[in-house]
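What follows is a short report on a single structure.
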Amino acid sequence: MNNIRKYKGFEAKIVCDQEDSIYQGTIINIRDSVSFHANHAYDIDDCFHSAVESYLDCCKAIGKEPEFT
């Protein structure tokens with residue numbers, strides 16, 4: 001599995017947590033902290049996309065631009 005994903009300019013690092021049997025992701029190119037997880041590898045992209053959309057909605061609601069690093 002490729003451990004770096006890209007979507008709408010955001011990049012996420014994905015790791016497999018074997019102890020908890022889940023896939024965890026963190027958006028790595030923004031100043032804020034956004035993470036997500038999935039129970040199956042085939043769901044991780046949808047979870048990443050959902051996290052990005054939620055982050056963008058939140059930024060819009062508070063009148064903030066995403067701060068890329």
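Residues in the structure tokens are named by chain (A, B, ... in the order shown) and by number from 1 within that chain; ligands are numbered from 1 in the order shown.
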Using backbone DSSP assignments, extract all strand (DSSP E or B) residues from chain A; output them as a CSV table (one decimal) with all heavy atoms, in the first residue's frame.
```csv
chain,number,residue,atom,x,y,z
A,4,ILE,N,1.5,7.4,1.1
A,4,ILE,CA,1.2,8.8,0.9
A,4,ILE,C,0.1,9.0,-0.1
A,4,ILE,O,0.1,8.4,-1.1
A,4,ILE,CB,2.4,9.6,0.4
A,4,ILE,CG1,3.6,9.5,1.4
A,4,ILE,CG2,2.1,11.1,0.2
A,4,ILE,CD1,3.4,10.2,2.7
A,5,ARG,N,-1.0,9.7,0.3
A,5,ARG,CA,-2.1,9.9,-0.5
A,5,ARG,C,-2.2,11.4,-0.8
A,5,ARG,O,-1.8,12.2,0.1
A,5,ARG,CB,-3.4,9.5,0.1
A,5,ARG,CG,-3.5,8.0,0.4
A,5,ARG,CD,-3.6,7.2,-0.9
A,5,ARG,NE,-4.2,5.9,-0.7
A,5,ARG,CZ,-3.6,4.8,-0.3
A,5,ARG,NH1,-2.3,4.9,0.0
A,5,ARG,NH2,-4.2,3.7,-0.3
A,6,LYS,N,-2.8,11.8,-1.9
A,6,LYS,CA,-3.0,13.2,-2.3
A,6,LYS,C,-4.4,13.4,-2.7
A,6,LYS,O,-5.0,12.6,-3.4
A,6,LYS,CB,-2.0,13.6,-3.4
A,6,LYS,CG,-0.6,13.6,-3.0
A,6,LYS,CD,0.4,14.0,-4.1
A,6,LYS,CE,1.8,13.9,-3.6
A,6,LYS,NZ,2.8,14.3,-4.6
A,7,TYR,N,-4.9,14.6,-2.3
A,7,TYR,CA,-6.3,14.9,-2.7
A,7,TYR,C,-6.5,16.4,-2.5
A,7,TYR,O,-6.3,17.0,-1.4
A,7,TYR,CB,-7.3,14.2,-1.8
A,7,TYR,CG,-8.8,14.5,-2.0
A,7,TYR,CD1,-9.4,14.1,-3.2
A,7,TYR,CD2,-9.5,15.2,-1.0
A,7,TYR,CE1,-10.8,14.4,-3.4
A,7,TYR,CE2,-10.8,15.5,-1.2
A,7,TYR,CZ,-11.5,15.1,-2.4
A,7,TYR,OH,-12.8,15.4,-2.6
A,10,PHE,N,-4.0,18.4,-0.7
A,10,PHE,CA,-3.6,17.9,0.7
A,10,PHE,C,-2.9,16.6,0.5
A,10,PHE,O,-3.1,15.8,-0.4
A,10,PHE,CB,-4.9,17.7,1.5
A,10,PHE,CG,-5.6,19.0,1.8
A,10,PHE,CD1,-6.5,19.5,0.9
A,10,PHE,CD2,-5.4,19.7,3.0
A,10,PHE,CE1,-7.2,20.7,1.2
A,10,PHE,CE2,-6.0,20.9,3.2
A,10,PHE,CZ,-6.9,21.4,2.3
A,11,GLU,N,-1.9,16.4,1.4
A,11,GLU,CA,-1.2,15.1,1.5
A,11,GLU,C,-1.4,14.4,2.8
A,11,GLU,O,-1.3,15.1,3.9
A,11,GLU,CB,0.3,15.4,1.2
A,11,GLU,CG,0.6,15.9,-0.1
A,11,GLU,CD,2.1,16.2,-0.3
A,11,GLU,OE1,2.9,15.8,0.5
A,11,GLU,OE2,2.4,16.7,-1.4
A,12,ALA,N,-1.6,13.1,2.8
A,12,ALA,CA,-1.8,12.4,4.0
A,12,ALA,C,-0.8,11.2,4.1
A,12,ALA,O,-0.6,10.6,3.1
A,12,ALA,CB,-3.2,11.9,4.2
A,13,LYS,N,-0.3,10.9,5.3
A,13,LYS,CA,0.5,9.8,5.5
A,13,LYS,C,-0.4,8.7,6.1
A,13,LYS,O,-1.0,9.0,7.1
A,13,LYS,CB,1.7,10.1,6.4
A,13,LYS,CG,2.6,8.9,6.6
A,13,LYS,CD,3.8,9.3,7.4
A,13,LYS,CE,4.7,8.0,7.6
A,13,LYS,NZ,5.9,8.3,8.3
A,14,ILE,N,-0.3,7.5,5.6
A,14,ILE,CA,-1.2,6.4,6.1
A,14,ILE,C,-0.3,5.4,6.7
A,14,ILE,O,0.8,5.0,6.1
A,14,ILE,CB,-2.0,5.7,4.9
A,14,ILE,CG1,-2.7,6.8,4.1
A,14,ILE,CG2,-2.9,4.7,5.5
A,14,ILE,CD1,-3.7,7.6,4.8
A,15,VAL,N,-0.6,4.9,7.9
A,15,VAL,CA,0.1,3.8,8.5
A,15,VAL,C,-0.9,2.7,9.0
A,15,VAL,O,-2.1,3.0,9.3
A,15,VAL,CB,0.9,4.3,9.7
A,15,VAL,CG1,2.0,5.2,9.3
A,15,VAL,CG2,0.0,4.9,10.8
A,16,CYS,N,-0.4,1.5,9.0
A,16,CYS,CA,-1.3,0.4,9.5
A,16,CYS,C,-0.9,0.2,11.0
A,16,CYS,O,0.2,-0.1,11.3
A,16,CYS,CB,-1.0,-0.8,8.7
A,16,CYS,SG,-1.9,-2.3,9.2
A,17,ASP,N,-1.9,0.3,11.8
A,17,ASP,CA,-1.7,0.0,13.2
A,17,ASP,C,-2.1,-1.4,13.5
A,17,ASP,O,-3.3,-1.8,13.6
A,17,ASP,CB,-2.6,1.0,14.1
A,17,ASP,CG,-2.4,0.8,15.6
A,17,ASP,OD1,-2.0,-0.3,16.0
A,17,ASP,OD2,-2.7,1.7,16.3
A,22,ILE,N,-6.3,-1.3,12.5
A,22,ILE,CA,-6.9,-0.2,11.7
A,22,ILE,C,-5.8,0.5,10.9
A,22,ILE,O,-4.6,0.3,11.1
A,22,ILE,CB,-7.6,0.8,12.6
A,22,ILE,CG1,-6.6,1.5,13.6
A,22,ILE,CG2,-8.8,0.2,13.4
A,22,ILE,CD1,-7.2,2.7,14.3
A,23,TYR,N,-6.3,1.3,10.0
A,23,TYR,CA,-5.4,2.1,9.2
A,23,TYR,C,-5.6,3.6,9.7
A,23,TYR,O,-6.7,4.0,9.8
A,23,TYR,CB,-5.7,2.0,7.7
A,23,TYR,CG,-5.4,0.7,7.1
A,23,TYR,CD1,-6.3,-0.4,7.2
A,23,TYR,CD2,-4.2,0.4,6.6
A,23,TYR,CE1,-6.0,-1.6,6.8
A,23,TYR,CE2,-3.8,-0.9,6.1
A,23,TYR,CZ,-4.8,-1.9,6.2
A,23,TYR,OH,-4.5,-3.1,5.8
A,24,GLN,N,-4.5,4.3,10.0
A,24,GLN,CA,-4.6,5.6,10.5
A,24,GLN,C,-3.9,6.6,9.5
A,24,GLN,O,-2.9,6.2,8.9
A,24,GLN,CB,-3.8,5.7,11.8
A,24,GLN,CG,-4.5,4.9,12.9
A,24,GLN,CD,-3.7,5.0,14.2
A,24,GLN,OE1,-2.4,5.1,14.2
A,24,GLN,NE2,-4.4,5.1,15.3
A,25,GLY,N,-4.5,7.7,9.4
A,25,GLY,CA,-3.9,8.7,8.5
A,25,GLY,C,-3.9,10.1,9.1
A,25,GLY,O,-4.7,10.4,10.0
A,26,THR,N,-2.9,10.9,8.7
A,26,THR,CA,-2.7,12.2,9.2
A,26,THR,C,-2.4,13.1,8.0
A,26,THR,O,-1.5,12.8,7.2
A,26,THR,CB,-1.6,12.3,10.2
A,26,THR,OG1,-1.8,11.4,11.3
A,26,THR,CG2,-1.4,13.7,10.7
A,27,ILE,N,-3.1,14.2,7.9
A,27,ILE,CA,-2.8,15.2,6.8
A,27,ILE,C,-1.5,15.9,7.3
A,27,ILE,O,-1.4,16.4,8.4
A,27,ILE,CB,-3.9,16.2,6.6
A,27,ILE,CG1,-5.2,15.5,6.1
A,27,ILE,CG2,-3.5,17.3,5.6
A,27,ILE,CD1,-6.4,16.3,6.0
A,30,ILE,N,-0.3,20.6,6.3
A,30,ILE,CA,-1.1,21.8,6.8
A,30,ILE,C,-0.6,22.1,8.3
A,30,ILE,O,-0.1,21.2,8.9
A,30,ILE,CB,-2.6,21.6,6.8
A,30,ILE,CG1,-3.0,20.4,7.6
A,30,ILE,CG2,-3.1,21.6,5.4
A,30,ILE,CD1,-4.5,20.2,7.8
A,35,SER,N,-6.6,14.2,11.5
A,35,SER,CA,-6.3,12.8,11.4
A,35,SER,C,-7.6,12.0,11.1
A,35,SER,O,-8.7,12.5,11.3
A,35,SER,CB,-5.6,12.2,12.6
A,35,SER,OG,-6.4,12.4,13.8
A,36,PHE,N,-7.5,10.8,10.7
A,36,PHE,CA,-8.6,9.9,10.3
A,36,PHE,C,-8.2,8.5,10.4
A,36,PHE,O,-7.0,8.2,10.5
A,36,PHE,CB,-9.2,10.3,8.9
A,36,PHE,CG,-8.1,10.3,7.9
A,36,PHE,CD1,-7.9,9.1,7.1
A,36,PHE,CD2,-7.2,11.4,7.7
A,36,PHE,CE1,-6.9,9.1,6.1
A,36,PHE,CE2,-6.2,11.3,6.7
A,36,PHE,CZ,-6.0,10.2,5.9
A,37,HIS,N,-9.2,7.6,10.3
A,37,HIS,CA,-8.9,6.2,10.4
A,37,HIS,C,-9.9,5.4,9.6
A,37,HIS,O,-11.0,5.8,9.4
A,37,HIS,CB,-8.7,5.7,11.8
A,37,HIS,CG,-10.0,5.5,12.5
A,37,HIS,ND1,-10.6,6.6,13.2
A,37,HIS,CD2,-10.8,4.5,12.7
A,37,HIS,CE1,-11.8,6.2,13.7
A,37,HIS,NE2,-11.9,4.9,13.4
A,38,ALA,N,-9.5,4.1,9.3
A,38,ALA,CA,-10.5,3.2,8.6
A,38,ALA,C,-10.2,1.8,9.1
A,38,ALA,O,-9.0,1.5,9.5
A,38,ALA,CB,-10.3,3.3,7.1
A,68,PHE,N,-1.2,25.8,4.4
A,68,PHE,CA,-0.3,24.7,4.0
A,68,PHE,C,1.1,25.0,4.4
A,68,PHE,O,1.5,26.1,4.6
A,68,PHE,CB,-0.3,24.6,2.4
A,68,PHE,CG,-1.6,24.1,1.9
A,68,PHE,CD1,-2.6,24.9,1.5
A,68,PHE,CD2,-1.8,22.7,1.8
A,68,PHE,CE1,-3.8,24.4,1.0
A,68,PHE,CE2,-2.9,22.2,1.3
A,68,PHE,CZ,-4.0,23.0,0.9
```
Hey, can you check how far atom CA of Ala51 of chain A sits from atom CA of Lys64 of chain A?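 Computing the Euclidean distance for atom CA of Ala51 of chain A and atom CA of Lys64 of chain A yields 16.5 Å.
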Mind pulling up the distance from atom CA of Ala41 of chain A to atom CA of Glu19 of chain A?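 Taking atom CA of Glu19 of chain A as the start and atom CA of Ala41 of chain A as the end point, the length is 15.2 Å.
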List every residue of chain A that DSSP, applied to the backbone of this structure, places in alpha helix (DSSP H), and write the result as a list in words. Ile44, Asp45, Asp46, Cys47, Phe48, His49, Ser50, Ala51, Val52, Glu53, Ser54, Tyr55, Leu56, Asp57, Cys58, Cys59, Lys60, Ala61 and Ile62 of chain A
Find, counting only C-alpha atoms, the residue in A:Ile62, A:Val52, A:Asp46, A:Asp20 that gets nearest to Lys8 of chain A.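 Selected residue with least distance to Lys8 of chain A: A:Val52.
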If I take atom CA of Asn3 of chain A and atom CA of His49 of chain A, how far is one from the other in Å, to one decimal?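 Spanning atom CA of Asn3 of chain A to atom CA of His49 of chain A is a straight-line distance of 14.9 Å.
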Of the candidates A:Gln18, A:Asp45, A:Gly9, A:Tyr55, which one gets nearest to Asp32 of chain A if we count only C-alpha atoms?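 Closest to Asp32 of chain A, using only C-alpha atoms: A:Tyr55.
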